[in-house]
$ cat entry06.pdb   # PDB, C-alpha atoms
ATOM      1  CA  MET A1365     -28.917 -74.809  17.396
ATOM      2  CA  SER A1366     -31.994 -75.108  15.191
ATOM      3  CA  LEU A1367     -34.751 -72.506  15.209
ATOM      4  CA  ARG A1368     -37.034 -75.038  16.907
ATOM      5  CA  GLN A1369     -34.448 -75.523  19.677
ATOM      6  CA  GLU A1370     -34.028 -71.746  20.044
ATOM      7  CA  ILE A1371     -37.789 -71.256  20.365
ATOM      8  CA  GLU A1372     -38.096 -74.165  22.811
ATOM      9  CA  ALA A1373     -35.288 -72.633  24.930
ATOM     10  CA  PHE A1374     -36.831 -69.142  24.824
ATOM     11  CA  ARG A1375     -38.379 -68.077  28.122
ATOM     12  CA  PRO A1376     -41.510 -66.002  27.479
ATOM     13  CA  GLY A1377     -41.852 -62.766  29.410
ATOM     14  CA  ASN A1378     -45.633 -62.574  29.229
ATOM     15  CA  GLU A1379     -48.767 -64.414  28.133
ATOM     16  CA  GLN A1380     -48.587 -63.083  24.566
ATOM     17  CA  GLU A1381     -45.113 -64.568  24.108
ATOM     18  CA  GLU A1382     -46.110 -67.903  25.660
ATOM     19  CA  LYS A1383     -49.133 -68.273  23.364
ATOM     20  CA  ASP A1384     -47.176 -67.094  20.315
ATOM     21  CA  ARG A1385     -44.283 -69.443  21.204
ATOM     22  CA  GLN A1386     -46.708 -72.380  21.146
ATOM     23  CA  GLU A1387     -48.155 -71.166  17.823
ATOM     24  CA  LEU A1388     -44.676 -70.908  16.279
ATOM     25  CA  LEU A1389     -43.834 -74.432  17.430
ATOM     26  CA  THR A1390     -47.106 -75.696  15.932
ATOM     27  CA  TRP A1391     -46.310 -74.104  12.576
ATOM     28  CA  LEU A1392     -42.745 -75.493  12.684
ATOM     29  CA  SER A1393     -44.277 -78.989  13.145
ATOM     30  CA  SER A1394     -46.808 -78.503  10.336
ATOM     31  CA  GLY A1395     -44.599 -79.804   7.532
ATOM     32  CA  LEU A1396     -45.349 -76.648   5.541
ATOM     33  CA  ASP A1397     -42.546 -74.531   4.099
ATOM     34  CA  ILE A1398     -42.920 -71.597   6.488
ATOM     35  CA  TYR A1399     -39.358 -70.468   5.707
ATOM     36  CA  SER A1400     -40.656 -69.162   2.381
ATOM     37  CA  ARG A1401     -43.599 -67.099   1.225
ATOM     38  CA  ARG A1402     -44.897 -70.121  -0.693
ATOM     39  CA  CYS A1403     -46.866 -70.810   2.478
ATOM     40  CA  ASN A1404     -49.391 -68.042   1.881
ATOM     41  CA  ALA A1405     -51.211 -68.353   5.223
ATOM     42  CA  ALA A1406     -48.143 -67.867   7.432
ATOM     43  CA  HIS A1407     -44.398 -67.597   7.093
ATOM     44  CA  LEU A1408     -41.347 -66.823   9.196
ATOM     45  CA  THR A1409     -40.048 -63.284   9.560
ATOM     46  CA  ALA A1410     -37.303 -61.705  11.642
ATOM     47  CA  SER A1411     -37.235 -58.255  13.192
ATOM     48  CA  ALA A1412     -34.471 -56.139  14.676
ATOM     49  CA  TRP A1413     -34.983 -53.929  17.717
ATOM     50  CA  VAL A1414     -32.037 -51.526  17.483
ATOM     51  CA  VAL A1415     -31.238 -49.353  20.495
ATOM     52  CA  SER A1416     -28.684 -46.656  21.222
ATOM     53  CA  PRO A1417     -25.901 -47.353  23.755
ATOM     54  CA  ASP A1418     -27.656 -45.117  26.316
ATOM     55  CA  ARG A1419     -30.954 -46.989  25.659
ATOM     56  CA  ALA A1420     -32.720 -43.650  25.204
ATOM     57  CA  GLN A1421     -33.465 -44.120  21.481
ATOM     58  CA  VAL A1422     -34.612 -46.806  19.068
ATOM     59  CA  LEU A1423     -33.911 -46.856  15.329
ATOM     60  CA  MET A1424     -37.122 -47.012  13.296
ATOM     61  CA  ILE A1425     -38.252 -46.609   9.702
ATOM     62  CA  TYR A1426     -41.430 -45.023   8.367
ATOM     63  CA  HIS A1427     -42.962 -48.063   6.667
ATOM     64  CA  ASN A1428     -44.696 -47.350   3.346
ATOM     65  CA  ILE A1429     -47.245 -50.197   3.608
ATOM     66  CA  TYR A1430     -48.246 -49.644   7.242
ATOM     67  CA  HIS A1431     -47.984 -45.833   7.108
ATOM     68  CA  SER A1432     -46.336 -45.907  10.508
ATOM     69  CA  TRP A1433     -42.975 -45.792  12.214
ATOM     70  CA  ALA A1434     -41.872 -49.389  12.700
ATOM     71  CA  TRP A1435     -38.998 -51.664  13.525
ATOM     72  CA  MET A1436     -36.954 -53.166  10.706
ATOM     73  CA  GLY A1437     -37.381 -56.728   9.556
ATOM     74  CA  GLY A1438     -38.477 -59.009   6.807
ATOM     75  CA  HIS A1439     -39.190 -62.467   5.465
ATOM     76  CA  ALA A1440     -36.879 -65.444   5.954
ATOM     77  CA  ASP A1441     -37.179 -66.185   2.206
ATOM     78  CA  GLY A1442     -35.567 -69.597   2.643
ATOM     79  CA  MET A1443     -32.882 -68.560   5.143
ATOM     80  CA  GLU A1444     -32.908 -70.603   8.347
ATOM     81  CA  ASP A1445     -30.642 -68.252  10.343
ATOM     82  CA  LEU A1446     -33.216 -65.657  11.399
ATOM     83  CA  ARG A1447     -30.645 -63.502  13.251
ATOM     84  CA  ALA A1448     -28.839 -63.138   9.912
ATOM     85  CA  VAL A1449     -32.180 -62.236   8.302
ATOM     86  CA  ALA A1450     -32.742 -59.476  10.891
ATOM     87  CA  GLU A1451     -29.220 -58.092  10.350
ATOM     88  CA  LYS A1452     -29.648 -58.207   6.559
ATOM     89  CA  GLU A1453     -32.941 -56.349   6.788
ATOM     90  CA  VAL A1454     -31.363 -53.553   8.852
ATOM     91  CA  ARG A1455     -28.610 -53.131   6.241
ATOM     92  CA  GLU A1456     -31.128 -53.163   3.374
ATOM     93  CA  GLU A1457     -33.798 -50.951   4.964
ATOM     94  CA  CYS A1458     -31.618 -48.206   6.435
ATOM     95  CA  GLY A1459     -28.006 -48.812   5.407
ATOM     96  CA  LEU A1460     -26.701 -49.275   8.933
ATOM     97  CA  GLU A1461     -23.681 -51.558   8.667
ATOM     98  CA  THR A1462     -22.439 -52.011  12.238
ATOM     99  CA  LEU A1463     -24.667 -53.772  14.742
ATOM    100  CA  THR A1464     -23.748 -55.266  18.101
ATOM    101  CA  SER A1465     -25.919 -58.123  19.288
ATOM    102  CA  LEU A1466     -27.034 -57.570  22.889
ATOM    103  CA  CYS A1467     -28.831 -60.857  23.411
ATOM    104  CA  ASN A1468     -27.327 -64.292  22.756
ATOM    105  CA  GLY A1469     -30.627 -65.736  21.657
ATOM    106  CA  ILE A1470     -34.109 -64.665  20.725
ATOM    107  CA  PHE A1471     -35.210 -61.386  22.317
ATOM    108  CA  SER A1472     -38.937 -61.691  21.638
ATOM    109  CA  LEU A1473     -41.538 -63.737  19.749
ATOM    110  CA  GLU A1474     -44.691 -62.526  18.026
ATOM    111  CA  VAL A1475     -47.389 -63.831  15.732
ATOM    112  CA  LEU A1476     -48.438 -60.760  13.749
ATOM    113  CA  THR A1477     -51.408 -60.301  11.440
ATOM    114  CA  VAL A1478     -50.821 -58.653   8.086
ATOM    115  CA  ASP A1479     -53.826 -57.255   6.243
ATOM    116  CA  GLY A1480     -54.121 -57.770   2.512
ATOM    117  CA  HIS A1481     -52.248 -55.075   0.569
ATOM    118  CA  GLU A1482     -50.635 -54.143  -2.716
ATOM    119  CA  LYS A1483     -46.883 -54.659  -3.019
ATOM    120  CA  ARG A1484     -44.985 -53.793  -6.176
ATOM    121  CA  GLY A1485     -48.215 -53.826  -8.173
ATOM    122  CA  HIS A1486     -49.479 -57.201  -6.919
ATOM    123  CA  TYR A1487     -52.071 -58.070  -4.318
ATOM    124  CA  VAL A1488     -50.816 -59.929  -1.223
ATOM    125  CA  SER A1489     -53.540 -61.770   0.739
ATOM    126  CA  SER A1490     -53.921 -61.343   4.478
ATOM    127  CA  HIS A1491     -51.600 -63.686   6.374
ATOM    128  CA  LEU A1492     -49.543 -64.225   9.539
ATOM    129  CA  HIS A1493     -45.953 -63.286  10.191
ATOM    130  CA  LEU A1494     -44.405 -65.824  12.545
ATOM    131  CA  ASN A1495     -41.887 -63.352  13.892
ATOM    132  CA  VAL A1496     -38.658 -63.747  15.823
ATOM    133  CA  THR A1497     -37.093 -60.554  17.199
ATOM    134  CA  TYR A1498     -33.411 -59.935  17.920
ATOM    135  CA  LEU A1499     -31.890 -57.122  19.982
ATOM    136  CA  PHE A1500     -29.042 -54.980  18.672
ATOM    137  CA  GLU A1501     -27.180 -51.845  19.662
ATOM    138  CA  ALA A1502     -25.855 -49.293  17.181
ATOM    139  CA  ASP A1503     -24.244 -45.867  17.092
ATOM    140  CA  PRO A1504     -26.829 -43.117  16.427
ATOM    141  CA  SER A1505     -24.164 -41.070  14.619
ATOM    142  CA  ALA A1506     -23.599 -43.810  11.996
ATOM    143  CA  PRO A1507     -24.929 -42.933   8.539
ATOM    144  CA  VAL A1508     -28.353 -44.255   7.512
ATOM    145  CA  PHE A1509     -30.484 -43.853   4.389
ATOM    146  CA  ILE A1510     -34.051 -44.257   3.183
ATOM    147  CA  LYS A1511     -34.972 -47.241   0.990
ATOM    148  CA  PRO A1512     -37.743 -45.584  -1.087
ATOM    149  CA  ASP A1513     -39.465 -48.803  -2.196
ATOM    150  CA  GLU A1514     -40.027 -49.783   1.475
ATOM    151  CA  ASN A1515     -39.790 -46.699   3.660
ATOM    152  CA  SER A1516     -39.925 -42.934   3.521
ATOM    153  CA  GLY A1517     -38.061 -42.155   6.722
ATOM    154  CA  VAL A1518     -35.315 -43.413   9.014
ATOM    155  CA  ALA A1519     -34.838 -41.924  12.481
ATOM    156  CA  TRP A1520     -33.556 -42.513  15.961
ATOM    157  CA  ILE A1521     -36.675 -41.954  18.026
ATOM    158  CA  PRO A1522     -36.514 -41.235  21.758
ATOM    159  CA  THR A1523     -38.212 -44.126  23.554
ATOM    160  CA  GLY A1524     -40.588 -41.680  25.239
ATOM    161  CA  GLU A1525     -41.863 -40.580  21.810
ATOM    162  CA  VAL A1526     -42.402 -43.993  20.195
ATOM    163  CA  ALA A1527     -46.083 -44.217  21.203
ATOM    164  CA  ALA A1528     -46.807 -40.805  19.671
ATOM    165  CA  LYS A1529     -45.025 -41.666  16.397
ATOM    166  CA  VAL A1530     -46.419 -45.148  15.764
ATOM    167  CA  THR A1531     -49.911 -45.147  14.204
ATOM    168  CA  GLU A1532     -50.568 -48.838  14.942
ATOM    169  CA  PRO A1533     -52.000 -48.865  18.494
ATOM    170  CA  TRP A1534     -51.753 -52.633  18.923
ATOM    171  CA  MET A1535     -48.069 -52.670  17.934
ATOM    172  CA  THR A1536     -47.350 -49.848  20.367
ATOM    173  CA  ALA A1537     -49.257 -51.336  23.293
ATOM    174  CA  ARG A1538     -48.428 -55.026  22.886
ATOM    175  CA  ILE A1539     -45.076 -55.159  21.116
ATOM    176  CA  TYR A1540     -43.001 -51.968  21.183
ATOM    177  CA  ARG A1541     -43.873 -51.189  24.817
ATOM    178  CA  LYS A1542     -42.858 -54.749  25.779
ATOM    179  CA  LEU A1543     -39.550 -54.409  23.932
ATOM    180  CA  MET A1544     -38.715 -51.007  25.443
ATOM    181  CA  ASP A1545     -39.544 -52.228  28.949
ATOM    182  CA  ARG A1546     -37.456 -55.382  28.522
ATOM    183  CA  VAL A1547     -34.456 -53.374  27.326
ATOM    184  CA  GLN A1548     -34.665 -51.091  30.361
ATOM    185  CA  GLN A1549     -35.005 -54.025  32.765
ATOM    186  CA  GLU A1550     -32.530 -56.488  31.284
ATOM    187  CA  TYR A1551     -30.058 -54.394  29.247
ATOM    188  CA  PRO A1552     -29.424 -51.131  31.120
ATOM    189  CA  LYS A1553     -27.372 -48.395  29.490
ATOM    190  CA  LYS A1554     -23.638 -48.812  29.315
ATOM    191  CA  GLU A1555     -21.574 -46.989  31.912
ATOM    192  CA  TYR A1556     -18.392 -45.471  30.504
TER
END

$ encode --input "entry06.pdb" --output "structure tokens"
Amino acid sequence: MSLRQEIEAFRPGNEQEEKDRQELLTWLSSGLDIYSRRCNAAHLTASAWVVSPDRAQVLMIYHNIYHSWAWMGGHADGMEDLRAVAEKEVREECGLETLTSLCNGIFSLEVLTVDGHEKRGHYVSSHLHLNVTYLFEADPSAPVFIKPDENSGVAWIPTGEVAAKVTEPWMTARIYRKLMDRVQQEYPKKEY
């Protein structure tokens, strides 16, 4: 199934996702190469929301650019399989090797603004991340590591503490809260 088909099949859970779904479809129809960063105004990214089996914790990194605890993810950089992008980013950003996908398709959609910033000594203009989020489960006892050029912390954060840790109020209120609520409603903890 193509990304367009996946996004068309995705059922938004709220108004933000419906509007962002339409925006993603518009960009996919634009003829621009949004799979790469050559499209400076907007490009595709994939994020991973990684939860513990008991759903009480989420794996987050302390992002060096945003100076906040955040999910893991990154640019498509030419890859069309965005689930594979999300998995790759988890491995690269924290070293976690074993992930179990909890959702057959897309878990969430977001159009995210990125302010202009310096990255590796070069200025990056403000732009949009046309983001697709995937849901994974992992073992909190599995080894993880910091990737110093991107983050300065990796931690399993109790879901009740996410709002206090994240310094980006909009991300907490509109994105992370939505993801935590959806996990609790649609993917309850495993019973052993």

$ resolve_selection --input "entry06.pdb" --expression "the PyMOL selection byres ((chain A and resi 1460) around 9)" --output "mmCIF file with C-alpha atoms, keeping the file's coordinate frame"
data_model
loop_
_atom_site.group_PDB
_atom_site.id
_atom_site.type_symbol
_atom_site.label_atom_id
_atom_site.label_comp_id
_atom_site.auth_asym_id
_atom_site.auth_seq_id
_atom_site.Cartn_x
_atom_site.Cartn_y
_atom_site.Cartn_z
ATOM 1 C CA VAL A 1454 -31.363 -53.553 8.852
ATOM 2 C CA ARG A 1455 -28.610 -53.131 6.241
ATOM 3 C CA GLU A 1456 -31.128 -53.163 3.374
ATOM 4 C CA GLU A 1457 -33.798 -50.951 4.964
ATOM 5 C CA CYS A 1458 -31.618 -48.206 6.435
ATOM 6 C CA GLY A 1459 -28.006 -48.812 5.407
ATOM 7 C CA GLU A 1461 -23.681 -51.558 8.667
ATOM 8 C CA THR A 1462 -22.439 -52.011 12.238
ATOM 9 C CA LEU A 1463 -24.667 -53.772 14.742
ATOM 10 C CA ALA A 1502 -25.855 -49.293 17.181
ATOM 11 C CA ALA A 1506 -23.599 -43.810 11.996
ATOM 12 C CA PRO A 1507 -24.929 -42.933 8.539
ATOM 13 C CA VAL A 1508 -28.353 -44.255 7.512
ATOM 14 C CA PHE A 1509 -30.484 -43.853 4.389
#

$ residues_around --input "entry06.pdb" --residues "Ile1539 (chain A)" --least-positions-apart "3" --cutoff "10 Å" --atoms "all atoms listed in the file" --output "ChimeraX atom specification"
/A:1380-1381,1472-1474,1476,1533-1536,1542-1544

$ residues_around --input "entry06.pdb" --residues "Glu1370 (chain A)" --least-positions-apart "4" --cutoff "8 Å" --atoms "only C-alpha atoms" --output "number ranges by chain"
A: 1365-1366, 1374, 1469-1470

$ atom_distance --input "entry06.pdb" --atom1 "CA of Ala1373 (chain A)" --atom2 "CA of Met1424 (chain A)"
28.2 Å

$ resolve_selection --input "entry06.pdb" --expression "the PyMOL selection byres ((chain A and resi 1405) around 10)" --output "JSON, numbers by chain"
{"A": [1398, 1401, 1402, 1403, 1404, 1406, 1407, 1489, 1490, 1491, 1492, 1493]}

$ closest_atom_pairs --input "entry06.pdb" --of "region 1472-1504 of chain A" --to "region 1409-1419 of chain A" --cutoff "9 Å" --atoms "all atoms listed in the file" --output "JSON lines"
{"residue": "A:His1493", "atom": "CA", "partner": "A:Thr1409", "partner_atom": "CA", "distance": 5.9}
{"residue": "A:Leu1494", "atom": "CA", "partner": "A:Thr1409", "partner_atom": "CA", "distance": 5.9}
{"residue": "A:Asn1495", "atom": "CA", "partner": "A:Thr1409", "partner_atom": "CA", "distance": 4.7}
{"residue": "A:Val1496", "atom": "CA", "partner": "A:Ala1410", "partner_atom": "CA", "distance": 4.8}
{"residue": "A:Thr1497", "atom": "CA", "partner": "A:Ser1411", "partner_atom": "CA", "distance": 4.6}
{"residue": "A:Tyr1498", "atom": "CA", "partner": "A:Ala1412", "partner_atom": "CA", "distance": 5.1}
{"residue": "A:Leu1499", "atom": "CA", "partner": "A:Trp1413", "partner_atom": "CA", "distance": 5.0}
{"residue": "A:Phe1500", "atom": "CA", "partner": "A:Val1414", "partner_atom": "CA", "distance": 4.7}
{"residue": "A:Glu1501", "atom": "CA", "partner": "A:Val1415", "partner_atom": "CA", "distance": 4.8}
{"residue": "A:Ala1502", "atom": "CA", "partner": "A:Ser1416", "partner_atom": "CA", "distance": 5.6}
{"residue": "A:Asp1503", "atom": "CA", "partner": "A:Ser1416", "partner_atom": "CA", "distance": 6.1}
{"residue": "A:Pro1504", "atom": "CA", "partner": "A:Ser1416", "partner_atom": "CA", "distance": 6.2}

$ closest_residue --input "entry06.pdb" --among "A:Asn1378, A:Ser1400, A:Ser1465, A:Thr1531" --to "Ala1450 (chain A)" --atoms "only C-alpha atoms"
A:Ser1465

$ atom_distance --input "entry06.pdb" --atom1 "CA of Glu1453 (chain A)" --atom2 "CA of Gly1437 (chain A)"
5.2 Å

$ atom_distance --input "entry06.pdb" --atom1 "CA of Asp1445 (chain A)" --atom2 "CA of Pro1376 (chain A)"
20.4 Å

$ closest_residue --input "entry06.pdb" --among "A:Val1449, A:Leu1466, A:Val1475, A:Ile1521" --to "Ala1420 (chain A)" --atoms "only C-alpha atoms"
A:Ile1521

$ build_atoms --input "entry06.pdb" --residues "region 1414-1437 of chain A" --atoms "N, CA and C atoms" --output "mmCIF file, in the coordinates of the input"
data_model
loop_
_atom_site.group_PDB
_atom_site.id
_atom_site.type_symbol
_atom_site.label_atom_id
_atom_site.label_comp_id
_atom_site.auth_asym_id
_atom_site.auth_seq_id
_atom_site.Cartn_x
_atom_site.Cartn_y
_atom_site.Cartn_z
ATOM 1 N N VAL A 1414 -33.368 -52.141 17.446
ATOM 2 C CA VAL A 1414 -32.037 -51.526 17.483
ATOM 3 C C VAL A 1414 -32.075 -50.331 18.430
ATOM 4 N N VAL A 1415 -31.260 -50.403 19.480
ATOM 5 C CA VAL A 1415 -31.238 -49.353 20.495
ATOM 6 C C VAL A 1415 -29.895 -48.646 20.515
ATOM 7 N N SER A 1416 -29.913 -47.424 21.038
ATOM 8 C CA SER A 1416 -28.684 -46.656 21.222
ATOM 9 C C SER A 1416 -27.954 -47.150 22.471
ATOM 10 N N PRO A 1417 -26.649 -46.902 22.577
ATOM 11 C CA PRO A 1417 -25.901 -47.353 23.755
ATOM 12 C C PRO A 1417 -26.477 -46.841 25.075
ATOM 13 N N ASP A 1418 -27.075 -45.638 25.074
ATOM 14 C CA ASP A 1418 -27.656 -45.117 26.316
ATOM 15 C C ASP A 1418 -29.090 -45.596 26.534
ATOM 16 N N ARG A 1419 -29.615 -46.402 25.607
ATOM 17 C CA ARG A 1419 -30.954 -46.989 25.659
ATOM 18 C C ARG A 1419 -32.069 -45.951 25.595
ATOM 19 N N ALA A 1420 -31.735 -44.735 25.241
ATOM 20 C CA ALA A 1420 -32.720 -43.650 25.204
ATOM 21 C C ALA A 1420 -33.420 -43.536 23.852
ATOM 22 N N GLN A 1421 -32.899 -44.231 22.826
ATOM 23 C CA GLN A 1421 -33.465 -44.120 21.481
ATOM 24 C C GLN A 1421 -33.556 -45.493 20.827
ATOM 25 N N VAL A 1422 -34.474 -45.598 19.875
ATOM 26 C CA VAL A 1422 -34.612 -46.806 19.068
ATOM 27 C C VAL A 1422 -34.625 -46.376 17.604
ATOM 28 N N LEU A 1423 -33.972 -47.155 16.760
ATOM 29 C CA LEU A 1423 -33.911 -46.856 15.329
ATOM 30 C C LEU A 1423 -35.143 -47.432 14.650
ATOM 31 N N MET A 1424 -35.898 -46.572 13.955
ATOM 32 C CA MET A 1424 -37.122 -47.012 13.296
ATOM 33 C C MET A 1424 -37.187 -46.442 11.879
ATOM 34 N N ILE A 1425 -37.996 -47.091 11.058
ATOM 35 C CA ILE A 1425 -38.252 -46.609 9.702
ATOM 36 C C ILE A 1425 -39.725 -46.232 9.592
ATOM 37 N N TYR A 1426 -40.032 -45.323 8.666
ATOM 38 C CA TYR A 1426 -41.430 -45.023 8.367
ATOM 39 C C TYR A 1426 -41.839 -45.952 7.242
ATOM 40 N N HIS A 1427 -42.618 -46.971 7.582
ATOM 41 C CA HIS A 1427 -42.962 -48.063 6.667
ATOM 42 C C HIS A 1427 -44.035 -47.619 5.676
ATOM 43 N N ASN A 1428 -43.765 -47.802 4.386
ATOM 44 C CA ASN A 1428 -44.696 -47.350 3.346
ATOM 45 C C ASN A 1428 -46.011 -48.127 3.326
ATOM 46 N N ILE A 1429 -46.007 -49.410 3.639
ATOM 47 C CA ILE A 1429 -47.245 -50.197 3.608
ATOM 48 C C ILE A 1429 -48.107 -49.893 4.831
ATOM 49 N N TYR A 1430 -47.483 -49.829 6.006
ATOM 50 C CA TYR A 1430 -48.246 -49.644 7.242
ATOM 51 C C TYR A 1430 -48.495 -48.178 7.571
ATOM 52 N N HIS A 1431 -47.843 -47.277 6.855
ATOM 53 C CA HIS A 1431 -47.984 -45.833 7.108
ATOM 54 C C HIS A 1431 -47.759 -45.531 8.584
ATOM 55 N N SER A 1432 -46.662 -46.065 9.095
ATOM 56 C CA SER A 1432 -46.336 -45.907 10.508
ATOM 57 C C SER A 1432 -44.834 -46.077 10.708
ATOM 58 N N TRP A 1433 -44.344 -45.507 11.789
ATOM 59 C CA TRP A 1433 -42.975 -45.792 12.214
ATOM 60 C C TRP A 1433 -42.959 -47.216 12.727
ATOM 61 N N ALA A 1434 -41.924 -47.968 12.379
ATOM 62 C CA ALA A 1434 -41.872 -49.389 12.700
ATOM 63 C C ALA A 1434 -40.428 -49.852 12.861
ATOM 64 N N TRP A 1435 -40.298 -51.017 13.466
ATOM 65 C CA TRP A 1435 -38.998 -51.664 13.525
ATOM 66 C C TRP A 1435 -38.607 -52.136 12.136
ATOM 67 N N MET A 1436 -37.406 -52.623 11.980
ATOM 68 C CA MET A 1436 -36.954 -53.166 10.706
ATOM 69 C C MET A 1436 -37.038 -54.682 10.749
ATOM 70 N N GLY A 1437 -37.308 -55.280 9.620
ATOM 71 C CA GLY A 1437 -37.381 -56.728 9.556
ATOM 72 C C GLY A 1437 -37.926 -57.183 8.232
#
